[in-house]
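Have a look at query.txt; it's compact mmCIF, C-alpha atoms:
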```txt
# COMPACT_ATOMS: atom_id res chain seq x y z
CA MET L 1 0.41 -2.93 10.46
CA VAL L 2 2.97 -4.60 8.27
CA ARG L 3 6.56 -3.36 8.08
CA THR L 4 8.61 -3.93 4.93
CA GLN L 5 12.19 -2.85 4.30
CA VAL L 6 13.53 -1.49 1.02
CA ARG L 7 17.00 -0.19 0.23
CA VAL L 8 17.29 2.92 -1.92
CA ARG L 9 19.01 2.09 -5.19
CA TYR L 10 21.08 4.60 -7.13
CA ALA L 11 18.42 4.42 -9.87
CA ASP L 12 15.82 5.65 -7.32
CA THR L 13 17.58 9.01 -6.93
CA ASP L 14 17.61 12.19 -8.98
CA ALA L 15 20.55 14.39 -10.01
CA MET L 16 20.67 15.82 -6.47
CA GLY L 17 21.12 12.37 -4.93
CA VAL L 18 17.65 12.49 -3.37
CA VAL L 19 14.97 9.85 -3.92
CA TYR L 20 12.79 10.92 -6.82
CA HIS L 21 9.31 11.71 -5.47
CA ALA L 22 7.39 9.17 -7.59
CA ASN L 23 9.37 6.26 -6.12
CA TYR L 24 7.53 6.63 -2.83
CA LEU L 25 4.34 5.53 -4.61
CA ILE L 26 6.16 2.40 -5.78
CA TRP L 27 7.14 1.68 -2.18
CA PHE L 28 3.53 2.24 -1.10
CA GLU L 29 2.65 -0.56 -3.53
CA VAL L 30 5.38 -2.78 -2.09
CA GLY L 31 3.96 -2.24 1.40
CA ARG L 32 0.39 -2.84 0.26
CA ASN L 33 1.34 -6.08 -1.47
CA GLU L 34 3.18 -7.31 1.61
CA LEU L 35 0.22 -6.43 3.85
CA MET L 36 -2.15 -8.41 1.65
CA ARG L 37 0.30 -11.32 1.49
CA ALA L 38 0.68 -11.29 5.30
CA TRP L 39 -3.10 -11.45 5.62
CA GLY L 40 -3.25 -14.48 3.34
CA ALA L 41 -4.88 -12.56 0.49
CA PRO L 42 -2.17 -11.77 -2.09
CA TYR L 43 -3.16 -9.66 -5.08
CA ALA L 44 -2.53 -12.61 -7.41
CA ASP L 45 -5.51 -14.33 -5.74
CA PHE L 46 -7.71 -11.30 -6.47
CA GLU L 47 -6.81 -11.42 -10.13
CA ARG L 48 -7.42 -15.19 -10.33
CA ARG L 49 -10.91 -14.47 -9.01
CA GLY L 50 -11.50 -11.72 -11.58
CA ILE L 51 -11.29 -8.92 -9.01
CA LEU L 52 -9.26 -5.81 -9.82
CA VAL L 53 -8.32 -3.18 -7.25
CA PRO L 54 -7.11 -0.06 -9.10
CA VAL L 55 -5.85 3.07 -7.37
CA THR L 56 -8.46 5.82 -7.61
CA GLU L 57 -6.76 8.39 -5.39
CA ALA L 58 -3.33 8.97 -3.85
CA GLN L 59 -2.21 11.50 -1.25
CA VAL L 60 1.47 11.95 -0.38
CA ARG L 61 3.30 14.25 2.03
CA TRP L 62 7.07 14.34 1.79
CA VAL L 63 8.81 15.28 5.03
CA HIS L 64 12.53 14.43 4.88
CA PRO L 65 14.55 13.30 1.87
CA ALA L 66 15.80 9.74 1.56
CA ARG L 67 19.10 9.17 -0.22
CA TYR L 68 21.02 6.46 -2.01
CA ASP L 69 21.68 3.34 0.10
CA ASP L 70 19.31 4.35 2.92
CA VAL L 71 17.33 1.42 4.29
CA LEU L 72 13.70 2.46 4.55
CA GLU L 73 10.86 0.86 6.45
CA VAL L 74 7.47 1.00 4.77
CA GLN L 75 4.74 0.81 7.42
CA THR L 76 1.40 -0.13 5.90
CA ARG L 77 -2.07 -0.51 7.39
CA MET L 78 -5.63 -0.59 6.16
CA GLU L 79 -7.28 2.66 7.17
CA ARG L 80 -10.82 2.43 5.82
CA LEU L 81 -13.05 -0.15 4.15
CA THR L 82 -16.42 0.24 2.44
CA PRO L 83 -18.16 -2.24 0.14
CA ALA L 84 -16.87 -0.27 -2.89
CA ARG L 85 -13.45 1.00 -1.73
CA VAL L 86 -10.47 0.40 0.49
CA THR L 87 -7.94 2.96 1.76
CA PHE L 88 -4.42 2.10 2.90
CA ALA L 89 -2.18 4.38 4.96
CA TYR L 90 1.60 4.43 4.75
CA ARG L 91 4.57 5.82 6.61
CA ILE L 92 8.07 5.51 5.20
CA VAL L 93 10.80 6.00 7.77
CA ARG L 94 14.57 5.71 7.62
CA ALA L 95 15.36 2.46 9.45
CA GLU L 96 18.61 3.77 10.90
CA ASP L 97 17.02 6.48 13.03
CA GLY L 98 13.24 6.28 12.51
CA ARG L 99 13.12 9.66 10.78
CA LEU L 100 9.89 10.13 8.82
CA CYS L 101 10.57 10.57 5.10
CA CYS L 102 7.07 10.33 3.69
CA GLU L 103 3.49 9.47 4.58
CA GLY L 104 0.32 9.10 2.61
CA THR L 105 -2.71 7.11 1.56
CA THR L 106 -4.06 5.35 -1.49
CA THR L 107 -7.70 4.58 -2.15
CA HIS L 108 -8.73 1.70 -4.40
CA GLY L 109 -12.02 0.70 -5.96
CA PHE L 110 -13.22 -2.87 -6.40
CA LEU L 111 -13.92 -3.99 -9.96
CA GLY L 112 -15.55 -7.27 -10.86
CA PRO L 113 -15.88 -9.18 -14.12
CA GLY L 114 -15.73 -6.94 -17.16
CA GLY L 115 -13.97 -4.22 -15.16
CA ARG L 116 -17.19 -2.87 -13.71
CA PRO L 117 -17.44 -1.37 -10.21
CA ALA L 118 -18.68 -3.97 -7.76
CA ALA L 119 -19.23 -4.44 -4.03
CA LEU L 120 -16.60 -6.59 -2.35
CA PRO L 121 -19.13 -8.34 -0.05
CA LYS L 122 -20.83 -9.73 -3.18
CA LEU L 123 -17.63 -10.42 -5.13
CA ALA L 124 -15.79 -12.16 -2.30
CA PRO L 125 -17.62 -12.46 1.04
CA ASP L 126 -14.61 -14.25 2.55
CA LEU L 127 -12.29 -11.31 1.76
CA TRP L 128 -14.88 -8.84 3.05
CA ARG L 129 -14.97 -10.72 6.38
CA LEU L 130 -11.17 -11.01 6.55
CA PHE L 131 -10.62 -7.32 5.86
CA ASN L 132 -13.23 -6.27 8.41
CA GLU L 133 -11.73 -8.55 11.06
CA ARG L 134 -8.20 -7.23 10.45
CA LEU L 135 -9.36 -3.62 10.35
CA GLN L 136 -11.27 -4.01 13.63
CA ALA L 137 -8.21 -5.66 15.20
CA GLY L 138 -6.12 -2.63 14.22
CA GLU L 139 -3.76 -4.65 12.10
```

As structure tokens, please, write out the structure in this file.
Amino acid sequence: MVRTQVRVRYADTDAMGVVYHANYLIWFEVGRNELMRAWGAPYADFERRGILVPVTEAQVRWVHPARYDDVLEVQTRMERLTPARVTFAYRIVRAEDGRLCCEGTTTHGFLGPGGRPAALPKLAPDLWRLFNERLQAGE
């Protein structure tokens, strides 16, 4: 699991002073990018290799509102991996007291040259091995 901190900006809130719900998906992306970077496989490397990893599904459960100037911790882990897809799981907690604000998952497909669905083991055997090793290690 990788932990990333973000501070809620005023622009992240709605008229009630609560974080606007769609911003949690942005923070999921921040966590996912940091996880991949920590594993030595930043998304920029995927794109250089002609591999795209679009979101195909997102699930979010909001539990407790976050507010302006809260420091949040985005906890990100890989939950599932198949040759065609990867699923990441997230928890966003308020750093001050550990209170759960939001949790969810995103599922991504692997696309190769020309934007066609492709199997990761064929596109990038090294990434397939790395992801499997990290997943098995519970990282």

Long-range neighbours of Gly114 (chain L) as number ranges by chain, 12 Å cut-off, all atoms listed in the file, 2 positions minimum in chain
L: 50-52, 110-112, 116-118

Nearest to Val6 (chain L) by atom-to-atom distance, counting all atoms listed in the file, from L:Tyr24, L:Phe88, L:Phe46, L:Trp39:
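That would be L:Tyr24, the residue with the smallest distance to Val6 (chain L).
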
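Nearest residue to Val60 (chain L), choosing from L:Ile92, L:Leu130, L:Leu123, L:Ala137 and counting all atoms listed in the file: L:Ile92.
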
Atom pair CA of Gly31 (chain L) / CA of Thr106 (chain L): separation (Å):
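Computing the Euclidean distance for CA of Gly31 (chain L) and CA of Thr106 (chain L) yields 11.4 Å.
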
May I have the protein, DNA and RNA residues with an atom at most 12 Å from (-6.4, -8.1, 12.8), counting all atoms listed in the file in the file's coordinates, returned as a list in words?
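These residues have at least one counted atom within 12 Å: Met1, Val2, Leu35, Met36, Ala38, Trp39, Gly40, Arg77, Met78, Arg129, Leu130, Phe131, Asn132, Glu133, Arg134, Leu135, Gln136, Ala137, Gly138 and Glu139 of chain L.
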
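These residues, each with an atom at most 12 Å from (17.0, 5.8, -5.4) using all atoms listed in the file, are Val6, Arg7, Val8, Arg9, Tyr10, Ala11, Asp12, Thr13, Asp14, Ala15, Met16, Gly17, Val18, Val19, Tyr20, His21, Ala22, Asn23, Tyr24, Ile26, Trp27, Pro65, Ala66, Arg67, Tyr68, Asp69, Asp70, Val71 and Leu72 of chain L.
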
Those selected residues, please, written with C-alpha atoms and delivered as a PDB file, in the coordinates of the input.
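Done, and the output landed in selection38.pdb:
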```pdb
ATOM      1  CA  VAL L   6      13.530  -1.490   1.020  1.00  0.00           C
ATOM      2  CA  ARG L   7      17.000  -0.190   0.230  1.00  0.00           C
ATOM      3  CA  VAL L   8      17.290   2.920  -1.920  1.00  0.00           C
ATOM      4  CA  ARG L   9      19.010   2.090  -5.190  1.00  0.00           C
ATOM      5  CA  TYR L  10      21.080   4.600  -7.130  1.00  0.00           C
ATOM      6  CA  ALA L  11      18.420   4.420  -9.870  1.00  0.00           C
ATOM      7  CA  ASP L  12      15.820   5.650  -7.320  1.00  0.00           C
ATOM      8  CA  THR L  13      17.580   9.010  -6.930  1.00  0.00           C
ATOM      9  CA  ASP L  14      17.610  12.190  -8.980  1.00  0.00           C
ATOM     10  CA  ALA L  15      20.550  14.390 -10.010  1.00  0.00           C
ATOM     11  CA  MET L  16      20.670  15.820  -6.470  1.00  0.00           C
ATOM     12  CA  GLY L  17      21.120  12.370  -4.930  1.00  0.00           C
ATOM     13  CA  VAL L  18      17.650  12.490  -3.370  1.00  0.00           C
ATOM     14  CA  VAL L  19      14.970   9.850  -3.920  1.00  0.00           C
ATOM     15  CA  TYR L  20      12.790  10.920  -6.820  1.00  0.00           C
ATOM     16  CA  HIS L  21       9.310  11.710  -5.470  1.00  0.00           C
ATOM     17  CA  ALA L  22       7.390   9.170  -7.590  1.00  0.00           C
ATOM     18  CA  ASN L  23       9.370   6.260  -6.120  1.00  0.00           C
ATOM     19  CA  TYR L  24       7.530   6.630  -2.830  1.00  0.00           C
ATOM     20  CA  ILE L  26       6.160   2.400  -5.780  1.00  0.00           C
ATOM     21  CA  TRP L  27       7.140   1.680  -2.180  1.00  0.00           C
ATOM     22  CA  PRO L  65      14.550  13.300   1.870  1.00  0.00           C
ATOM     23  CA  ALA L  66      15.800   9.740   1.560  1.00  0.00           C
ATOM     24  CA  ARG L  67      19.100   9.170  -0.220  1.00  0.00           C
ATOM     25  CA  TYR L  68      21.020   6.460  -2.010  1.00  0.00           C
ATOM     26  CA  ASP L  69      21.680   3.340   0.100  1.00  0.00           C
ATOM     27  CA  ASP L  70      19.310   4.350   2.920  1.00  0.00           C
ATOM     28  CA  VAL L  71      17.330   1.420   4.290  1.00  0.00           C
ATOM     29  CA  LEU L  72      13.700   2.460   4.550  1.00  0.00           C
TER      30      LEU L  72
END
```

Given the choices L:Arg61, L:Lys122, L:Arg37, L:Arg48, which gets closest to Pro83 (chain L) if the distance is worked out from only C-alpha atoms?
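For Pro83 (chain L), the nearest of the candidates is L:Lys122.
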
Straight-line distance linking CA of Glu34 (chain L) with CA of Arg80 (chain L), stated in Å to one decimal
17.6 Å

What is the distance, in Å and to one decimal place, between CA of Thr82 (chain L) and CA of Thr4 (chain L)?
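Spanning CA of Thr82 (chain L) to CA of Thr4 (chain L) is a straight-line distance of 25.5 Å.
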
From L:Ala119, L:Ala58, L:Val86, L:Val30, residue lying nearest Val74 (chain L) [all atoms listed in the file]:
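Looking at the shortest contact to Val74 (chain L), the residue is L:Val30.
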
Draw an axis-aligned box tight on the listed atoms of region 59-73 of chain L, then pad every side by 4 Å and write out centre and edge lengths in Å to one decimal as AutoDock Vina command-line options.
```
--center_x 9.7 --center_y 8.1 --center_z 2.2 --size_x 31.9 --size_y 22.4 --size_z 16.5
```

Residue contacts of Thr56 (chain L) (7 Å, all atoms listed in the file) excluding same-chain residues fewer than 5 positions away, as a VMD selection string:
chain L and resid 107 to 109

Which of L:Ala84, L:Ala89, L:Leu100, L:Ala95 sits closest to Val53 (chain L) [using only C-alpha atoms]:
L:Ala84

Top pick for closest residue to Gly104 (chain L), considering L:Thr76, L:Ala41, L:Gln5, L:Pro125 and counting all atoms listed in the file
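The shortest atom-to-atom distance to Gly104 (chain L) comes from L:Thr76.
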